[in-house]
>>> print(open('data_7.txt').read())   # compact mmCIF, C-alpha atoms
# COMPACT_ATOMS: atom_id res chain seq x y z
CA MET Z 1289 14.11 8.75 -5.05
CA ILE Z 1290 11.46 9.34 -7.70
CA GLU Z 1291 10.96 7.94 -11.19
CA VAL Z 1292 11.41 10.38 -14.08
CA VAL Z 1293 11.57 10.30 -17.88
CA GLY Z 1294 13.19 12.66 -20.38
CA LEU Z 1295 10.84 14.55 -22.70
CA ARG Z 1296 11.13 16.46 -25.95
CA ASP Z 1297 8.33 18.43 -27.53
CA ARG Z 1298 7.59 18.59 -31.24
CA ASP Z 1299 9.76 21.68 -31.64
CA THR Z 1300 12.76 19.37 -31.00
CA PHE Z 1301 13.48 21.30 -27.80
CA SER Z 1302 14.72 19.19 -24.92
CA LEU Z 1303 12.42 19.84 -21.98
CA GLY Z 1304 14.43 17.88 -19.46
CA PHE Z 1305 12.94 15.40 -17.02
CA THR Z 1306 9.53 15.12 -15.42
CA ARG Z 1307 8.21 12.79 -12.76
CA THR Z 1308 5.89 10.03 -13.94
CA ASP Z 1309 4.08 9.43 -10.61
CA THR Z 1310 1.27 6.96 -11.39
CA ILE Z 1311 1.54 7.28 -15.20
CA LYS Z 1312 3.75 4.58 -16.67
CA LEU Z 1313 5.67 5.68 -19.75
CA GLN Z 1314 8.22 3.93 -21.91
CA LEU Z 1315 10.76 5.11 -24.46
CA GLY Z 1316 8.98 6.47 -27.56
CA ASP Z 1317 5.59 7.08 -25.90
CA GLN Z 1318 3.78 10.36 -26.50
CA CYS Z 1319 2.11 12.32 -23.73
CA LEU Z 1320 0.49 15.64 -22.91
CA ILE Z 1321 2.47 18.02 -20.71
CA LYS Z 1322 1.90 21.49 -19.33
CA THR Z 1323 4.72 24.01 -19.66
CA GLN Z 1324 5.05 27.74 -19.20
CA SER Z 1325 3.93 28.17 -22.82
CA GLY Z 1326 0.83 26.02 -22.38
CA VAL Z 1327 -0.25 22.44 -23.05
CA THR Z 1328 1.73 20.61 -25.73
CA LEU Z 1329 2.46 17.13 -26.99
CA ALA Z 1330 5.83 15.61 -26.08
CA THR Z 1331 7.74 12.42 -26.81
CA VAL Z 1332 9.58 10.31 -24.22
CA VAL Z 1333 13.26 10.21 -25.24
CA THR Z 1334 14.76 8.35 -22.25
CA SER Z 1335 13.79 5.24 -20.36
CA PRO Z 1336 12.37 5.66 -16.83
CA ARG Z 1337 15.04 6.12 -14.18
CA LEU Z 1338 15.28 6.88 -10.47
CA VAL Z 1339 16.81 10.19 -9.38
CA ASP Z 1340 16.95 12.31 -6.25
CA GLU Z 1341 14.14 14.87 -6.17
CA ARG Z 1342 16.53 17.76 -5.49
CA TYR Z 1343 18.08 17.36 -8.95
CA LEU Z 1344 14.82 18.22 -10.71
CA ALA Z 1345 14.35 21.76 -12.00
CA ASP Z 1346 11.77 24.01 -10.38
CA ASN Z 1347 10.06 24.74 -13.71
CA GLU Z 1348 9.87 21.12 -14.86
CA PRO Z 1349 6.94 20.35 -17.19
CA GLU Z 1350 3.89 18.84 -15.57
CA LEU Z 1351 2.84 15.45 -16.95
CA LEU Z 1352 -0.92 15.40 -17.62
CA ARG Z 1353 -1.64 12.06 -19.28
CA LYS Z 1354 -0.58 9.68 -21.98
CA ALA Z 1355 -1.57 10.71 -25.52
CA THR Z 1356 -4.51 8.93 -27.14
CA ALA Z 1357 -5.49 8.37 -30.77
CA ASP Z 1358 -7.80 11.39 -30.59
CA ASP Z 1359 -4.89 13.53 -29.39
CA LEU Z 1360 -2.78 12.48 -32.37
CA GLN Z 1361 -5.65 13.30 -34.70
CA LYS Z 1362 -6.01 16.69 -33.06
CA LEU Z 1363 -2.29 17.27 -33.57
CA ASN Z 1364 -2.74 16.93 -37.33
CA GLU Z 1365 -5.48 19.57 -37.20
CA LEU Z 1366 -3.16 21.87 -35.25
CA VAL Z 1367 -0.46 21.52 -37.90
CA ASP Z 1368 -2.90 22.63 -40.58
CA LYS Z 1369 -3.96 25.61 -38.46
CA GLU Z 1370 -0.33 26.57 -37.89
CA GLN Z 1371 0.34 26.61 -41.64
CA GLN Z 1372 -2.68 28.85 -42.16
CA ALA Z 1373 -1.55 31.17 -39.35
CA ARG Z 1374 1.96 31.32 -40.81
CA ALA Z 1375 0.68 32.41 -44.24
CA THR Z 1376 -1.66 34.98 -42.68
CA CYS Z 1377 1.05 36.43 -40.46
CA LYS Z 1378 3.47 36.81 -43.38
CA SER Z 1379 0.92 38.76 -45.36
CA LYS Z 1380 0.18 41.02 -42.37
CA ILE Z 1381 3.91 41.65 -41.87
CA GLN Z 1382 4.20 42.83 -45.47
CA LYS Z 1383 1.07 44.95 -45.06
CA HIS Z 1384 2.50 46.78 -42.02
CA ARG Z 1385 6.02 46.86 -43.51
CA LEU Z 1386 7.65 45.44 -40.40
CA GLN Z 1387 11.37 44.59 -40.37
CA MET Z 1388 11.00 41.07 -38.99
CA LYS Z 1389 11.44 37.51 -40.23
CA LEU Z 1390 8.86 34.91 -39.17
CA ILE Z 1391 10.50 31.65 -38.09
CA ARG Z 1392 7.85 29.37 -36.64
CA VAL Z 1393 4.23 29.31 -35.54
CA ARG Z 1394 2.98 27.06 -32.76
CA CYS Z 1395 -0.58 26.56 -31.50
CA CYS Z 1396 -1.11 25.36 -27.96
CA PHE Z 1397 -2.83 22.01 -27.73
CA ASP Z 1398 -5.92 23.56 -26.13
CA GLN Z 1399 -5.94 26.20 -28.93
CA HIS Z 1400 -6.28 29.12 -26.53
CA LYS Z 1401 -3.01 30.71 -27.68
CA ILE Z 1402 -0.87 30.96 -30.82
CA ILE Z 1403 2.85 31.77 -30.50
CA PHE Z 1404 4.73 33.46 -33.36
CA TYR Z 1405 8.55 33.25 -33.27
CA PHE Z 1406 10.50 35.82 -35.27
CA VAL Z 1407 13.97 37.35 -35.61
CA SER Z 1408 14.79 41.00 -36.09
CA ASP Z 1409 17.84 43.25 -35.90
CA GLY Z 1410 16.16 45.60 -33.45
CA ARG Z 1411 12.94 46.37 -31.63
CA VAL Z 1412 9.72 45.97 -33.61
CA ASP Z 1413 6.42 47.71 -32.92
CA PHE Z 1414 4.03 44.84 -33.69
CA ARG Z 1415 0.96 46.11 -31.80
CA GLU Z 1416 -1.09 46.59 -34.96
CA LEU Z 1417 0.01 43.17 -36.19
CA VAL Z 1418 -1.17 41.53 -32.95
CA ARG Z 1419 -4.56 43.23 -33.21
CA ASP Z 1420 -5.05 41.95 -36.75
CA LEU Z 1421 -4.02 38.40 -35.84
CA ALA Z 1422 -6.24 38.35 -32.73
CA HIS Z 1423 -9.20 39.52 -34.81
CA GLU Z 1424 -8.43 36.84 -37.40
CA PHE Z 1425 -7.99 33.81 -35.11
CA LYS Z 1426 -10.13 34.81 -32.09
CA CYS Z 1427 -7.54 33.69 -29.52
CA ARG Z 1428 -4.59 35.04 -27.59
CA ILE Z 1429 -1.60 36.05 -29.75
CA GLU Z 1430 1.96 36.01 -28.42
CA MET Z 1431 4.98 37.35 -30.35
CA ARG Z 1432 8.43 36.09 -29.31
CA GLN Z 1433 11.64 37.55 -30.66
CA VAL Z 1434 14.51 35.03 -30.74
CA GLY Z 1435 18.19 35.21 -31.65
CA VAL Z 1436 20.06 33.63 -34.53
CA ARG Z 1437 21.05 30.64 -32.41
CA ASP Z 1438 17.44 29.97 -31.50
CA GLU Z 1439 16.58 30.31 -35.18
CA ALA Z 1440 19.07 27.56 -36.05
CA ARG Z 1441 17.70 25.44 -33.23
CA MET Z 1442 14.12 25.73 -34.50
CA LEU Z 1443 14.87 25.24 -38.17
CA GLY Z 1444 17.47 22.49 -37.62
CA GLY Z 1445 20.11 21.44 -40.12
CA ILE Z 1446 23.41 19.65 -40.61
CA GLY Z 1447 26.64 20.99 -39.14
CA CYS Z 1448 30.13 20.99 -40.62
CA CYS Z 1449 30.74 17.64 -38.91
CA GLY Z 1450 27.97 16.01 -40.96
CA LYS Z 1451 25.69 15.47 -37.97
CA ILE Z 1452 22.49 17.13 -36.76
CA LEU Z 1453 23.08 20.52 -35.17
CA CYS Z 1454 23.86 20.23 -31.46
CA CYS Z 1455 21.42 23.02 -30.63
CA SER Z 1456 18.51 21.16 -32.25
CA GLY Z 1457 19.70 17.81 -30.90
CA HIS Z 1458 20.90 17.45 -27.33
CA LEU Z 1459 21.79 20.94 -26.07
CA ARG Z 1460 19.37 22.38 -23.53
CA ALA Z 1461 21.10 25.77 -23.13
CA PHE Z 1462 23.69 27.87 -24.96
CA ASP Z 1463 26.98 28.16 -23.07
CA PRO Z 1464 29.17 31.23 -23.64
CA VAL Z 1465 31.77 30.67 -26.37
CA SER Z 1466 34.76 32.93 -27.12
CA ILE Z 1467 37.66 33.21 -29.55
CA ARG Z 1468 40.03 32.20 -26.75
CA MET Z 1469 38.59 28.68 -26.81
CA ALA Z 1470 39.53 28.30 -30.47
CA LYS Z 1471 43.02 29.71 -29.86
CA GLU Z 1472 43.70 27.38 -26.93
CA GLN Z 1473 42.76 24.37 -29.07
CA GLY Z 1474 45.07 25.44 -31.89
CA LEU Z 1475 42.31 25.92 -34.45
CA THR Z 1476 42.60 28.09 -37.53
CA LEU Z 1477 41.13 31.48 -36.70
CA ILE Z 1478 39.09 31.81 -39.88
CA PRO Z 1479 35.46 32.82 -39.23
CA SER Z 1480 34.10 30.37 -41.81
CA LYS Z 1481 35.97 27.51 -40.10
CA ILE Z 1482 34.95 28.17 -36.49
CA SER Z 1483 31.39 29.47 -37.07
CA GLY Z 1484 28.19 27.45 -37.25
CA VAL Z 1485 25.25 27.79 -39.61
CA CYS Z 1486 23.89 30.54 -37.34
CA GLY Z 1487 26.95 32.71 -37.96
CA ARG Z 1488 28.09 32.48 -34.34
CA LEU Z 1489 31.03 30.55 -32.90
CA LEU Z 1490 30.59 26.78 -32.86
CA CYS Z 1491 28.99 25.47 -29.67
CA CYS Z 1492 31.33 22.45 -29.77
CA LEU Z 1493 34.33 24.71 -29.02
CA LYS Z 1494 33.19 24.46 -25.41
CA TYR Z 1495 33.20 20.67 -25.25
CA GLU Z 1496 36.97 20.00 -25.01
CA TYR Z 1497 38.10 23.41 -23.78
CA ASP Z 1498 38.48 22.31 -20.15
CA SER Z 1499 40.66 19.34 -21.20
CA TYR Z 1500 42.99 21.60 -23.21
CA MET Z 1501 43.28 24.07 -20.33
CA GLU Z 1502 44.12 21.28 -17.91
CA VAL Z 1503 46.92 20.04 -20.19
CA HIS Z 1504 48.26 23.57 -20.70
CA ARG Z 1505 48.47 24.02 -16.94
CA ARG Z 1506 50.57 20.86 -16.57
CA VAL Z 1507 52.95 21.07 -19.53
CA PRO Z 1508 54.96 23.92 -21.09
CA ARG Z 1509 53.57 25.68 -24.13
CA GLN Z 1510 54.63 25.00 -27.72
CA GLY Z 1511 58.06 26.48 -28.49
CA ARG Z 1512 59.33 26.23 -24.89
CA LYS Z 1513 62.69 24.63 -24.06
CA VAL Z 1514 62.40 21.53 -21.89
CA MET Z 1515 64.64 18.85 -20.44
CA THR Z 1516 63.82 15.35 -21.67
CA PRO Z 1517 65.30 11.92 -20.84
CA LYS Z 1518 67.45 12.33 -23.99
CA GLY Z 1519 68.62 15.87 -23.22
CA PRO Z 1520 67.35 19.39 -23.76
CA GLY Z 1521 64.95 20.14 -26.60
CA LYS Z 1522 62.15 22.36 -27.81
CA ILE Z 1523 58.46 21.47 -27.90
CA LYS Z 1524 57.26 21.35 -31.50
CA GLN Z 1525 53.71 20.11 -31.03
CA ILE Z 1526 51.26 19.19 -28.24
CA SER Z 1527 48.52 16.73 -29.18
CA VAL Z 1528 45.89 16.72 -26.46
CA PRO Z 1529 43.65 14.05 -28.08
CA LYS Z 1530 46.62 11.67 -28.43
CA GLU Z 1531 48.05 12.74 -25.04
CA GLU Z 1532 51.55 13.12 -26.43
CA ILE Z 1533 54.19 15.81 -26.95
CA ARG Z 1534 56.59 16.05 -29.91
CA VAL Z 1535 60.01 17.46 -28.92
CA GLU Z 1536 62.91 18.45 -31.21
CA LEU Z 1537 66.32 17.76 -29.67
CA ALA Z 1538 69.47 19.82 -30.20
CA ASP Z 1539 70.76 17.47 -32.94
CA GLY Z 1540 67.52 17.81 -34.92
CA GLU Z 1541 66.04 14.48 -33.84
CA GLU Z 1542 62.35 14.51 -32.93
CA ILE Z 1543 60.98 12.33 -30.15
CA VAL Z 1544 57.41 11.75 -28.99
CA LEU Z 1545 56.76 11.69 -25.26
CA PRO Z 1546 53.51 11.04 -23.39
CA ILE Z 1547 51.97 13.87 -21.43
CA PRO Z 1548 53.68 13.84 -17.99
CA SER Z 1549 50.52 12.87 -16.13
CA LEU Z 1550 50.68 9.40 -17.69
CA THR Z 1551 52.46 6.71 -15.68
CA TYR Z 1552 53.79 4.82 -18.68
CA GLY Z 1553 54.64 5.83 -22.21
CA ALA Z 1554 53.68 4.15 -25.48
CA ASP Z 1555 56.55 1.67 -25.23
CA GLY Z 1556 55.66 0.66 -21.67
CA THR Z 1557 58.57 2.49 -20.02
CA PRO Z 1558 57.92 4.89 -17.12
CA CYS Z 1559 57.22 8.43 -18.23
CA ILE Z 1560 59.66 11.03 -16.92
CA GLY Z 1561 57.96 14.38 -16.54
CA LEU Z 1562 59.19 17.26 -18.68
CA GLN Z 1563 61.02 20.04 -16.90
CA GLU Z 1564 60.86 23.47 -18.47
CA LEU Z 1565 64.10 25.37 -19.07
CA PRO Z 1566 64.38 29.15 -18.81
CA SER Z 1567 63.93 30.94 -22.13
CA ASP Z 1568 67.53 32.26 -21.95
CA ALA Z 1569 69.12 28.89 -21.14
CA ASP Z 1570 71.90 27.73 -23.46
CA ASP Z 1571 70.99 25.01 -25.95
CA ASP Z 1572 74.03 22.95 -25.06
CA ILE Z 1573 73.21 22.49 -21.36
CA ASP Z 1574 74.00 18.95 -20.34
CA GLY Z 1575 70.91 17.15 -19.09
CA ALA Z 1576 72.59 15.58 -16.04
CA ASP Z 1577 74.27 18.74 -14.81
CA ALA Z 1578 71.42 21.13 -15.56
CA LEU Z 1579 69.25 19.64 -12.83
CA ASP Z 1580 71.80 20.43 -10.09
CA GLU Z 1581 73.28 23.80 -11.01
CA GLU Z 1582 71.59 27.17 -10.61
CA VAL Z 1583 70.57 29.06 -13.71
CA ILE Z 1584 71.03 32.82 -13.42
CA PRO Z 1585 68.72 34.98 -15.54
CA ARG Z 1586 70.30 37.37 -18.03
CA LYS Z 1587 69.20 40.44 -16.08
CA GLN Z 1588 71.24 39.31 -13.06
CA ARG Z 1589 74.30 38.46 -15.17
CA ARG Z 1590 74.16 42.06 -16.36
CA GLY Z 1591 74.41 43.22 -12.74
CA ASP Z 1592 70.77 43.65 -11.79
CA ALA Z 1593 70.83 42.78 -8.08
CA ASN Z 1594 67.05 42.97 -7.76
CA VAL Z 1595 66.58 39.72 -9.68
CA ASP Z 1596 66.86 36.65 -7.45
CA GLN Z 1597 68.52 33.46 -8.50
CA ARG Z 1598 66.23 30.58 -9.26
CA LYS Z 1599 66.67 26.89 -9.73
CA LEU Z 1600 65.68 25.10 -12.86
CA GLY Z 1601 62.00 24.21 -12.78
CA ASP Z 1602 61.12 26.33 -9.72
CA GLU Z 1603 59.25 28.91 -11.76
CA ARG Z 1604 57.32 28.64 -14.95
CA ILE Z 1605 57.81 31.32 -17.54
CA PRO Z 1606 54.43 32.92 -18.24
CA PRO Z 1607 52.98 32.02 -21.64
CA ALA Z 1608 52.85 34.46 -24.48
CA ASN Z 1609 50.09 37.02 -24.37
CA ALA Z 1610 46.95 35.16 -25.43
CA ASP Z 1611 44.98 38.36 -25.90
CA SER Z 1612 46.94 39.63 -28.90
CA ARG Z 1613 44.93 41.76 -31.28
CA LEU Z 1614 42.59 39.76 -33.49
CA PRO Z 1615 41.54 40.55 -37.04
CA ASP Z 1616 38.57 42.90 -37.23
CA GLU Z 1617 36.24 40.12 -38.47
CA LEU Z 1618 37.12 37.83 -35.56
CA GLN Z 1619 37.01 40.73 -33.10
CA ALA Z 1620 33.43 41.49 -34.16
CA LEU Z 1621 32.51 37.80 -33.98
CA ASP Z 1622 33.87 37.53 -30.43
CA GLU Z 1623 32.03 40.68 -29.33
CA ASP Z 1624 28.76 39.29 -30.71
CA GLU Z 1625 29.22 36.12 -28.64
CA ARG Z 1626 29.86 38.06 -25.46
CA ALA Z 1627 26.79 40.21 -26.10
>>> encode(input="data_7.txt", output="structure tokens")
Amino acid sequence: MIEVVGLRDRDTFSLGFTRTDTIKLQLGDQCLIKTQSGVTLATVVTSPRLVDERYLADNEPELLRKATADDLQKLNELVDKEQQARATCKSKIQKHRLQMKLIRVRCCFDQHKIIFYFVSDGRVDFRELVRDLAHEFKCRIEMRQVGVRDEARMLGGIGCCGKILCCSGHLRAFDPVSIRMAKEQGLTLIPSKISGVCGRLLCCLKYEYDSYMEVHRRVPRQGRKVMTPKGPGKIKQISVPKEEIRVELADGEEIVLPIPSLTYGADGTPCIGLQELPSDADDDIDGADALDEEVIPRKQRRGDANVDQRKLGDERIPPANADSRLPDELQALDEDERA
């Protein structure tokens, strides 16, 4: 077991954990670290903790030392230099008529390299731009093209939930997100409703997707006929957050049942698991008799001998096709996410 702390650099990127060794750090301390991009100043965002060494990443940042007052003063000088480099780079971009948008400029703490982050729709020939910048600042120049999600992460902002963007807050990597996740959670498939400030699908669609899929594997889908303790009915609504199912009975009465995995319902009585009825079952099937008699599919009643008899609940009717054609706007949005 080794002691580690969580770090975040001044670009608000989460750098993960690094071992402290002989350097004692506390929450809120600032320190110098060495990453693949060079030496930078980082802030400790978690208290020291003990973890197994095998859980640490291979490219973890190397902790150099705790930041001093001189280091903080030097940081202010770097910020001024970055603003100057940003203005110079913008003017050079206009001079060379390059189709690129400058997002952020960062100077390494040892000032041996300046990194320029930009977004562009395609490839950009910035060789002349690099020569001009290297001649201007007398150091190594590095141009990095980033995507729209990285742009949102660098610039930051407030999401539709009213909180800081997940990408600029706690997310360390972007997980794949698809339209299917929104459909499985019953969300309105309107691009403006399920897209973030970056124009891509919301990262938070991934958070509860596994929970919804687990529930959908255990209970019938909405609109299916099921057998309840009060007789046959049809599922009107499935609320995964509340862990309950709303069922409409044959007489029009609606009842709310807990999801079958629960041992007890809301009233404290044992929960009887729902049993799905075939889609061609009669609505007036008596609940007590339906569990014992065999239900013959329509194809067999018509004389199709190739269809075997099945007992109620032995097979689950496959759900409706989830890959139905999407509107062109959503189709393009989903293709962008996969790309």
>>> residues_around(input="data_7.txt", residues="Val1333 in chain Z", least_positions_apart="6", cutoff="7 Å", atoms="only C-alpha atoms", output="PyMOL selection string")
chain Z and resi 1294-1296+1315-1316
>>> write_last_selection(input="data_7.txt", atoms="C-alpha atoms", output="tab-separated table (two decimals), keeping the file's coordinate frame")
chain	number	residue	atom	x	y	z
Z	1294	GLY	CA	13.19	12.66	-20.38
Z	1295	LEU	CA	10.84	14.55	-22.70
Z	1296	ARG	CA	11.13	16.46	-25.95
Z	1315	LEU	CA	10.76	5.11	-24.46
Z	1316	GLY	CA	8.98	6.47	-27.56
>>> closest_atom_pairs(input="data_7.txt", of="range 1325-1360 of chain Z", to="range 1393-1404 of chain Z", cutoff="6 Å", atoms="all atoms listed in the file", output="CSV")
residue,atom,partner,partner_atom,distance
Z:Gly1326,CA,Z:Cys1396,CA,5.9
Z:Val1327,CA,Z:Phe1397,CA,5.4
Z:Thr1328,CA,Z:Phe1397,CA,5.2
>>> atom_distance(input="data_7.txt", atom1="CA of Lys1481 in chain Z", atom2="CA of Leu1453 in chain Z")
15.5 Å
>>> residues_around(input="data_7.txt", residues="Leu1351 in chain Z", least_positions_apart="4", cutoff="7 Å", atoms="all atoms listed in the file", output="ChimeraX atom specification")
/Z:1306,1308,1320-1322
>>> closest_residue(input="data_7.txt", among="Z:Val1535, Z:Val1485, Z:Ile1290, Z:Leu1390", to="Cys1449 in chain Z", atoms="only C-alpha atoms")
Z:Val1485
>>> residues_around(input="data_7.txt", residues="Pro1336 in chain Z", least_positions_apart="3", cutoff="8 Å", atoms="all atoms listed in the file", output="list in words")
Glu1291, Val1292, Val1293, Gly1294, Leu1313, Gln1314 and Leu1315 of chain Z
>>> atom_distance(input="data_7.txt", atom1="CA of Lys1354 in chain Z", atom2="CA of Val1332 in chain Z")
10.4 Å
>>> atom_distance(input="data_7.txt", atom1="CA of Asp1498 in chain Z", atom2="CA of Pro1479 in chain Z")
22.0 Å
>>> closest_residue(input="data_7.txt", among="Z:His1458, Z:His1504, Z:Arg1374, Z:Arg1392", to="Gln1433 in chain Z", atoms="all atoms listed in the file")
Z:Arg1392
>>> closest_residue(input="data_7.txt", among="Z:Ala1422, Z:Leu1352, Z:Met1442, Z:Ala1345", to="Ile1311 in chain Z", atoms="only C-alpha atoms")
Z:Leu1352
>>> residues_around(input="data_7.txt", residues="Glu1348 in chain Z", least_positions_apart="2", cutoff="9 Å", atoms="all atoms listed in the file", output="PyMOL selection string")
chain Z and resi 1303-1307+1323+1344-1346+1350
